[in-house]
Structure formats: structure tokens, C-alpha cells
Amino acid sequence: MNEAEALVLQQQLAKKVIAQDALSDIKYIAGCDVAYDDKNDLQIAAVVVLDSGTLDVVETSVVQDVSHFPYIPGLFSFRELPSLAKALDAIKTIPDLIVCDGQGIAHPRRFGLACHLGVLFDIPTIGCGKTRLHGQSVVPGLKRGDHAPLIDNEEIIGNVLRTQGNVKPVYVSVGHKISLKTACDWIIKLSPNYRLPETTRHADHAVRMALKRE
């Protein structure tokens with residue numbers, strides 16, 4: 001698939017995103033992450049499933065893949081999705097919700113990695129990025145739970161959310177089958193002690209450990 005074809009597909013799939021709660025009971029929540037080994041063009045993808053109540057790790061899947069799509073801003077999901085799909089296919093514990101270390105609809109075409117993954121697997125997803133990709137916002141308050149809307153062309157595309165007091169906020173947006181309020185509620189619950197949700201922390205740790213073994 002070339003860049004032009006990817007753009008067309010992205011615009012088509014964006015219409016399938018459901019930005020409302022369509023969740024059943026959330027027992028298992030997965031985090032996912034991809035790291036790169038530049039020496040041999042490898043991707044390491046990890047999916048880590050947590051118990052939603054205890055936040056204990058239930059299952060971890062780590063796979064290797066090569067990059068099938070170049071790095072093009074705004075088309076990041078086409079680069080990482082193939083390896084993440086392999087990691088998801090390998091797990092036995094099917095998650096009820098996935099948190100992506102990236103964007104959902106807080107994206108120029110309202111279709112970031114979290115949306116792509118959610119639509120592809122027909123599963124609720126949340127985008128929780130460390131940095132802003134798109135949109136403008138005022139600075140939220142300094143207390144845990146404080147948030148400010150992320151806005152693009154007068155449309156709210158996410159929230160800038162303070163998960164811990166006096167630390168940098170994260171950027172939360174709808175991926176698929178979830179509302180922005182519910183997405184933020186889950187990110188707060190998943191971040192009891194640190195800035196990033198436990199889903200992201202465990203997935204990041206898994207890919208880093210895999211890279212060290214390479």
C-alpha cells in the first residue's frame with residue numbers, strides 16, 4: 001500500500017469509529033507498544049493484558065516483525081499495526097478494552113492508531129499519548145484528574161488530562177466504542193501512582209526487555 005492508498009483507506013475507516021460507550025463488563029485491559037531495532041529494521045510489538053480490578057499482569061505477548069510501511073506523519077498506524085495485530089493474535093486472554101500509547105481521534109483525519117486498532121478488531125480502544133499530535137488546549141489544573149479540552153476547528157477531539165498532581169499531563173482521546181469521559185475515567189484508574197497508565201508502562205517494559213535480548 002502506498003501513501004495515497006493509505007490516506008484513502010484512513011478516511012474511509014474513520015467513518016466507522018464509534019465515539020460513544022459500547023462497552024460490556026471490563027475485566028481485562030490491554031496495553032500495547034512498539035519499539036524499533038534500527039540495526040536490523042526490526043519491530044518489537046508487545047501486548048500486555050491486565051486484570052482491570054487489581055492491575056496485575058495476566059498475560060504478555062511479544063512478537064518480532066519488520067517494518068512494512070515507511071514513517072509518514074499522520075499514517076503511523078500503517079507502520080505499527082501489522083506487528084501489533086500479530087501480538088494480539090498471539091494472546092489467549094481477549095481484552096475488553098485496549099489502551100494505545102498514541103492517538104485516537106486526536107488526529108488530523110480523526111483516525112490515529114487507537115482508532116485503527118479498535119475498528120480493525122472491533123474492540124473498545126483509548127488513545128493515550130505522551131505528547132500532543134493535533135489540536136490546541138489551555139493548560140489544565142495541577143491536581144490529579146484536572147483536564148482541559150483538546151480542540152481542533154471548534155471540535156473537542158480529546159482531553160489534556162493530569163493523571164498525577166504537578167506532573168506533565170497526557171493526551172487522551174477516543175479510539176473506538178468509548179466516550180471521552182469514560183476514556184478519561186479509565187486512564188485515571190489505570191494511573192494510580194505514575195503519570196502513564198499501568199497498561200502503557202508494562203507494554204513499554206516488555207518491548208524494552210525484548211530489545212535488550214536482541
# chains A, B, ... in the order shown; residues from 1 in each chain; ligands from 1
>>> closest_atom_pairs(of="range 33-70 of chain A", to="range 192-209 of chain A", cutoff="7 Å", atoms="only C-alpha atoms", output="CSV")
residue,atom,partner,partner_atom,distance
A:Asp33,CA,A:Ala203,CA,5.5
A:Val34,CA,A:Val207,CA,6.7
A:Ala35,CA,A:Val207,CA,6.0
A:Ile44,CA,A:Val207,CA,6.0
A:Ala45,CA,A:Val207,CA,6.4
A:Ala46,CA,A:Ala203,CA,5.7
A:Val47,CA,A:Ala203,CA,6.1
A:Val48,CA,A:Ala203,CA,5.6
>>> residues_around(residues="Leu7 in chain A", least_positions_apart="5", cutoff="12 Å", atoms="only C-alpha atoms", output="PyMOL selection string")
chain A and resi 1-2+12-14+72-78+108-112
>>> atom_distance(atom1="CA of Asp37 in chain A", atom2="CA of Val174 in chain A")
29.6 Å
>>> closest_atom_pairs(of="range 118-144 of chain A", to="range 154-170 of chain A", cutoff="6 Å", atoms="only C-alpha atoms", output="Markdown table")
| residue | atom | partner | partner_atom | distance |
| --- | --- | --- | --- | --- |
| A:Gly129 | CA | A:Val170 | CA | 5.9 |
| A:Lys130 | CA | A:Val170 | CA | 5.2 |
| A:Leu142 | CA | A:Asn166 | CA | 5.1 |
| A:Lys143 | CA | A:Gly165 | CA | 4.4 |
| A:Arg144 | CA | A:Gln164 | CA | 4.5 |
>>> write_last_selection(atoms="C-alpha atoms", output="mmCIF file, in the first residue's frame")
data_model
loop_
_atom_site.group_PDB
_atom_site.id
_atom_site.type_symbol
_atom_site.label_atom_id
_atom_site.label_comp_id
_atom_site.auth_asym_id
_atom_site.auth_seq_id
_atom_site.Cartn_x
_atom_site.Cartn_y
_atom_site.Cartn_z
ATOM 1 C CA GLY A 129 -0.352 9.811 24.115
ATOM 2 C CA LYS A 130 2.616 11.278 25.926
ATOM 3 C CA LEU A 142 -2.354 20.948 38.574
ATOM 4 C CA LYS A 143 -4.402 18.404 40.545
ATOM 5 C CA ARG A 144 -4.851 14.753 39.638
#
>>> atom_distance(atom1="CA of Gly118 in chain A", atom2="CA of His176 in chain A")
5.2 Å
>>> residues_around(residues="Leu42 in chain A", least_positions_apart="2", cutoff="7 Å", atoms="only C-alpha atoms", output="list in words")
Tyr36, Asp37, Asp38, Asn40, Ile44, Gln64, Asp65, Val66 and Ser67 of chain A
>>> select_by_dssp(residues="chain A", states="strand (DSSP E)", output="number ranges by chain")
A: 28-37, 42-51, 57-66, 97-100, 125-129, 147-152, 155-161, 170-176
>>> closest_residue(among="A:Thr60, A:His147, A:Gly31, A:Lys15", to="Lys181 in chain A", atoms="only C-alpha atoms")
A:His147
>>> atom_distance(atom1="CA of Asp51 in chain A", atom2="CA of Leu190 in chain A")
10.5 Å
>>> select_by_dssp(residues="chain A", states="helix (DSSP H, G or I)", output="PyMOL selection string")
chain A and resi 3-14+76-90+113-121+180-189+198-213
